[in-house]
Amino acid sequence: MSVEAAHNQDGTRSSSGRVQSLDRAVALLNAVSSSAPGGRPAAELAAECDLNRATAWRLLATMEHHGLVERDPLTNRYSIGFAISRMAATAGVDGLVRRAHDVLERLSRETGETANLAVAQHLGLTYVDEVAPPVVLSARWLGRQVPIHATSAGKAYLAWLPDEEVDSMLAGPLAEYTASTRTDRATLRAELAEIREQGYSVGVGELEPEVHGVAAAALDARERPFAIVSIWGPRDRVPESRFPELGTLASKAAADIAAAMP
């Protein structure tokens with residue numbers, strides 16, 4: 001028996017040189033991605049991909065372990081996982097920055113403050129673009145990763161994630177950076193519900209005591225956050241009385257960025 005035939009027989013490699021188990025996993029992933037927002041059960045996915053149920057279940061369980069798919073424990077339906085969104089956000093950073101930069105420039109000009117764009121990377125948020133007014137001296141956050149529970153950007157991101165993803169991202173100890181940092185999960189969850197309702201989040205010295213900010217999420221067609229727009233500055237220039245005005249501007253900027261994406 002040839003090496004190629006042996007590979008075919010055990011299902012690990014096809015005659016074209018592709019790994020068959022990976023082909024099957026990709027087919028399942030594509031089937032999951034085309035599902036309705038509520039997802040689909042393993043049996044339906046297996047039938048669409050012409051796989052037996054045991055094989056489909058093992059592949060789905062492996063992808064679930066790596067965050068590529070999510071399984072609703074009540075309905076056993078599968079949908080696309082957080083890891084896919086994170087990969088997509090990371091892969092699309094250059095294009096996103098190009099499309100969003102003019103919006104950040106407008107936002108900084110309108111507010112007189114620093115405007116940032118952040119994306120999810122490695123279970124945190126990383127700032128990938130920043131525009132600061134030329135007459136304002138401010139710290140540079142470009143390239144900086146920040147704790148997700150202690151910034152307006154992080155809370156804007158969390159507010160639009162499903163509960164199970166929020167639980168996962170807040171599973172570890174929540175560090176207290178200042179006296180204003182929220183480390184109680186129940187309090188933080190109540191704030192996330194408010195953020196979702198009003199459309200923007202606020203940060204009141206939770207990472208650095210003298211820094212205030214607001215942020216809003218740019219959402220994709222599934223209403224998942226793919227980027228976060230934030231406006232921040234020292235608390236004497238960004239008092240809480242400015243939060244509604246700045247929050248409205250951040251929300252508009254986030255919506256404009258979402259509309260500009262293909």
# chains A, B, ... in the order shown; residues from 1 in each chain; ligands from 1
>>> select_by_dssp(residues="stretch 91-120 of chain A", states="helix (DSSP H, G or I)", output="list in words")
Ala91, Val93, Asp94, Gly95, Leu96, Val97, Arg98, Arg99, Ala100, His101, Asp102, Val103, Leu104, Glu105, Arg106, Leu107, Ser108, Arg109, Glu110 and Thr111 of chain A
>>> write_last_selection(atoms="N, CA and C atoms", output="short mmCIF file (atom, residue, chain, number, x, y, z; two decimals), in the first residue's frame")
data_model
loop_
_atom_site.label_atom_id
_atom_site.label_comp_id
_atom_site.auth_asym_id
_atom_site.auth_seq_id
_atom_site.Cartn_x
_atom_site.Cartn_y
_atom_site.Cartn_z
N ALA A 91 -6.82 40.38 12.05
CA ALA A 91 -6.44 40.34 10.64
C ALA A 91 -6.82 41.62 9.92
N VAL A 93 -6.91 44.74 11.05
CA VAL A 93 -6.53 45.98 11.73
C VAL A 93 -6.10 47.06 10.75
N ASP A 94 -5.26 46.71 9.77
CA ASP A 94 -4.76 47.73 8.85
C ASP A 94 -5.89 48.40 8.08
N GLY A 95 -6.80 47.59 7.53
CA GLY A 95 -7.93 48.15 6.80
C GLY A 95 -8.84 48.95 7.71
N LEU A 96 -9.05 48.45 8.92
CA LEU A 96 -9.88 49.16 9.88
C LEU A 96 -9.29 50.52 10.21
N VAL A 97 -7.99 50.57 10.46
CA VAL A 97 -7.34 51.84 10.80
C VAL A 97 -7.47 52.83 9.65
N ARG A 98 -7.28 52.36 8.42
CA ARG A 98 -7.40 53.26 7.27
C ARG A 98 -8.81 53.86 7.18
N ARG A 99 -9.82 53.04 7.38
CA ARG A 99 -11.19 53.52 7.27
C ARG A 99 -11.60 54.38 8.45
N ALA A 100 -10.99 54.15 9.61
CA ALA A 100 -11.42 54.84 10.82
C ALA A 100 -10.65 56.12 11.12
N HIS A 101 -9.49 56.29 10.49
CA HIS A 101 -8.62 57.39 10.91
C HIS A 101 -9.26 58.76 10.73
N ASP A 102 -9.92 58.97 9.59
CA ASP A 102 -10.58 60.27 9.37
C ASP A 102 -11.65 60.53 10.43
N VAL A 103 -12.34 59.48 10.85
CA VAL A 103 -13.36 59.64 11.89
C VAL A 103 -12.72 60.05 13.20
N LEU A 104 -11.57 59.45 13.53
CA LEU A 104 -10.86 59.83 14.76
C LEU A 104 -10.37 61.27 14.69
N GLU A 105 -9.88 61.68 13.52
CA GLU A 105 -9.43 63.06 13.37
C GLU A 105 -10.58 64.04 13.59
N ARG A 106 -11.72 63.73 13.01
CA ARG A 106 -12.91 64.57 13.21
C ARG A 106 -13.30 64.61 14.68
N LEU A 107 -13.29 63.48 15.31
CA LEU A 107 -13.69 63.38 16.71
C LEU A 107 -12.77 64.18 17.61
N SER A 108 -11.48 64.09 17.37
CA SER A 108 -10.52 64.86 18.17
C SER A 108 -10.69 66.35 17.94
N ARG A 109 -10.94 66.72 16.69
CA ARG A 109 -11.13 68.14 16.35
C ARG A 109 -12.39 68.69 17.01
N GLU A 110 -13.47 67.89 17.00
CA GLU A 110 -14.74 68.34 17.58
C GLU A 110 -14.69 68.47 19.10
N THR A 111 -13.93 67.59 19.74
CA THR A 111 -13.94 67.53 21.20
C THR A 111 -12.76 68.25 21.84
#
>>> residues_around(residues="A:Ala258", least_positions_apart="2", cutoff="7 Å", atoms="only C-alpha atoms", output="PDB file with N, CA and C atoms, in the first residue's frame")
ATOM      1  N   ALA A 218     -18.157  49.880  17.963  1.00  0.00           N
ATOM      2  CA  ALA A 218     -18.565  49.711  16.567  1.00  0.00           C
ATOM      3  C   ALA A 218     -19.008  48.265  16.408  1.00  0.00           C
ATOM      4  N   LEU A 219     -20.239  48.059  15.927  1.00  0.00           N
ATOM      5  CA  LEU A 219     -20.837  46.723  15.886  1.00  0.00           C
ATOM      6  C   LEU A 219     -20.938  46.209  14.455  1.00  0.00           C
ATOM      7  N   ASP A 220     -20.769  44.884  14.308  1.00  0.00           N
ATOM      8  CA  ASP A 220     -20.948  44.288  12.991  1.00  0.00           C
ATOM      9  C   ASP A 220     -22.415  43.922  12.779  1.00  0.00           C
ATOM     10  N   ALA A 254     -18.493  55.695  16.271  1.00  0.00           N
ATOM     11  CA  ALA A 254     -18.501  54.236  16.170  1.00  0.00           C
ATOM     12  C   ALA A 254     -19.441  53.747  15.077  1.00  0.00           C
ATOM     13  N   ALA A 255     -20.603  54.369  14.990  1.00  0.00           N
ATOM     14  CA  ALA A 255     -21.566  54.010  13.943  1.00  0.00           C
ATOM     15  C   ALA A 255     -21.012  54.339  12.558  1.00  0.00           C
ATOM     16  N   ASP A 256     -20.316  55.461  12.428  1.00  0.00           N
ATOM     17  CA  ASP A 256     -19.722  55.843  11.143  1.00  0.00           C
ATOM     18  C   ASP A 256     -18.643  54.836  10.720  1.00  0.00           C
ATOM     19  N   ALA A 260     -18.598  52.254   7.440  1.00  0.00           N
ATOM     20  CA  ALA A 260     -17.527  52.333   6.449  1.00  0.00           C
ATOM     21  C   ALA A 260     -16.885  50.986   6.153  1.00  0.00           C
ATOM     22  N   MET A 261     -17.167  49.988   6.993  1.00  0.00           N
ATOM     23  CA  MET A 261     -16.552  48.681   6.792  1.00  0.00           C
ATOM     24  C   MET A 261     -17.313  47.891   5.731  1.00  0.00           C
TER      25      MET A 261
END
>>> closest_atom_pairs(of="stretch 142-176 of chain A", to="stretch 195-212 of chain A", cutoff="9 Å", atoms="only C-alpha atoms", output="CSV")
residue,atom,partner,partner_atom,distance
A:Val146,CA,A:Leu207,CA,8.6
A:Pro147,CA,A:Leu207,CA,8.2
A:His149,CA,A:Glu206,CA,8.9
A:Ala150,CA,A:Glu206,CA,5.3
A:Thr151,CA,A:Gly203,CA,5.5
A:Ser152,CA,A:Gly203,CA,4.5
A:Ala153,CA,A:Ser201,CA,7.3
A:Gly154,CA,A:Ser201,CA,8.9
A:Lys155,CA,A:Ser201,CA,6.4
A:Ala156,CA,A:Ser201,CA,5.4
A:Ala159,CA,A:Arg196,CA,5.7
A:Trp160,CA,A:Arg196,CA,6.7
A:Glu176,CA,A:Glu206,CA,8.3
>>> atom_distance(atom1="atom CA of A:Arg185", atom2="atom CA of A:Pro73")
22.2 Å
>>> atom_distance(atom1="atom CA of A:Val229", atom2="atom CA of A:Glu130")
9.7 Å
>>> closest_residue(among="A:Ala54, A:Ala31, A:Val119, A:Ala43", to="A:Ile80", atoms="only C-alpha atoms")
A:Ala31
>>> residues_around(residues="A:Ala132", least_positions_apart="6", cutoff="7 Å", atoms="only C-alpha atoms", output="ChimeraX atom specification")
/A:108,113-115
>>> write_last_selection(atoms="all heavy atoms", output="PDB file, in the first residue's frame")
ATOM      1  N   SER A 108     -11.476  64.089  17.373  1.00  0.00           N
ATOM      2  CA  SER A 108     -10.520  64.857  18.174  1.00  0.00           C
ATOM      3  C   SER A 108     -10.688  66.348  17.943  1.00  0.00           C
ATOM      4  O   SER A 108     -10.621  67.157  18.872  1.00  0.00           O
ATOM      5  CB  SER A 108      -9.097  64.416  17.827  1.00  0.00           C
ATOM      6  OG  SER A 108      -8.152  65.143  18.574  1.00  0.00           O
ATOM      7  N   GLU A 113     -10.058  66.736  22.431  1.00  0.00           N
ATOM      8  CA  GLU A 113      -9.420  65.720  23.262  1.00  0.00           C
ATOM      9  C   GLU A 113      -8.845  64.606  22.390  1.00  0.00           C
ATOM     10  O   GLU A 113      -9.011  64.588  21.176  1.00  0.00           O
ATOM     11  CB  GLU A 113     -10.427  65.136  24.261  1.00  0.00           C
ATOM     12  CG  GLU A 113     -11.091  66.159  25.158  1.00  0.00           C
ATOM     13  CD  GLU A 113     -10.110  66.950  26.020  1.00  0.00           C
ATOM     14  OE1 GLU A 113      -8.974  66.466  26.237  1.00  0.00           O
ATOM     15  OE2 GLU A 113     -10.474  68.058  26.463  1.00  0.00           O
ATOM     16  N   THR A 114      -8.164  63.669  23.028  1.00  0.00           N
ATOM     17  CA  THR A 114      -7.571  62.538  22.326  1.00  0.00           C
ATOM     18  C   THR A 114      -8.644  61.511  21.982  1.00  0.00           C
ATOM     19  O   THR A 114      -9.478  61.164  22.821  1.00  0.00           O
ATOM     20  CB  THR A 114      -6.481  61.878  23.197  1.00  0.00           C
ATOM     21  OG1 THR A 114      -5.469  62.841  23.474  1.00  0.00           O
ATOM     22  CG2 THR A 114      -5.858  60.690  22.483  1.00  0.00           C
ATOM     23  N   ALA A 115      -8.610  61.019  20.749  1.00  0.00           N
ATOM     24  CA  ALA A 115      -9.533  59.976  20.293  1.00  0.00           C
ATOM     25  C   ALA A 115      -8.729  58.736  19.947  1.00  0.00           C
ATOM     26  O   ALA A 115      -7.691  58.822  19.293  1.00  0.00           O
ATOM     27  CB  ALA A 115     -10.315  60.449  19.074  1.00  0.00           C
TER      28      ALA A 115
END
>>> residues_around(residues="A:Gly247", least_positions_apart="3", cutoff="10 Å", atoms="only C-alpha atoms", output="list in words")
Gln198, Gly199, Tyr200, Ser201, Val202, Gly213, Val214, Ala215, Ala216, Ser230, Ile231, Arg242, Phe243, Pro244, Ala250, Ser251, Lys252 and Ala253 of chain A
>>> residues_around(residues="A:Leu59", least_positions_apart="6", cutoff="10 Å", atoms="only C-alpha atoms", output="MDAnalysis selection string")
chainID A and resid 21:22 24:26 28:29 53 65
>>> write_last_selection(atoms="C-alpha atoms", output="mmCIF file, in the first residue's frame")
data_model
loop_
_atom_site.group_PDB
_atom_site.id
_atom_site.type_symbol
_atom_site.label_atom_id
_atom_site.label_comp_id
_atom_site.auth_asym_id
_atom_site.auth_seq_id
_atom_site.Cartn_x
_atom_site.Cartn_y
_atom_site.Cartn_z
ATOM 1 C CA SER A 21 -9.847 16.080 9.195
ATOM 2 C CA LEU A 22 -9.025 19.761 8.760
ATOM 3 C CA ARG A 24 -14.032 18.505 7.570
ATOM 4 C CA ALA A 25 -13.510 20.961 10.413
ATOM 5 C CA VAL A 26 -13.437 23.890 7.972
ATOM 6 C CA LEU A 28 -18.301 22.464 9.718
ATOM 7 C CA LEU A 29 -17.047 25.928 10.610
ATOM 8 C CA ARG A 53 -22.623 12.453 13.842
ATOM 9 C CA HIS A 65 -12.436 23.904 23.317
#
>>> atom_distance(atom1="atom CA of A:Glu245", atom2="atom CA of A:Asp129")
22.2 Å
>>> select_by_dssp(residues="stretch 8-235 of chain A", states="strand (DSSP E)", output="VMD selection string")
chain A and resid 40 to 41 69 to 71 77 to 80 114 to 121 124 to 131 145 to 146 201 to 204 211 to 219 225 to 234
>>> closest_residue(among="A:Leu51, A:Ala46, A:Ala118, A:Leu170", to="A:Leu158", atoms="only C-alpha atoms")
A:Leu170
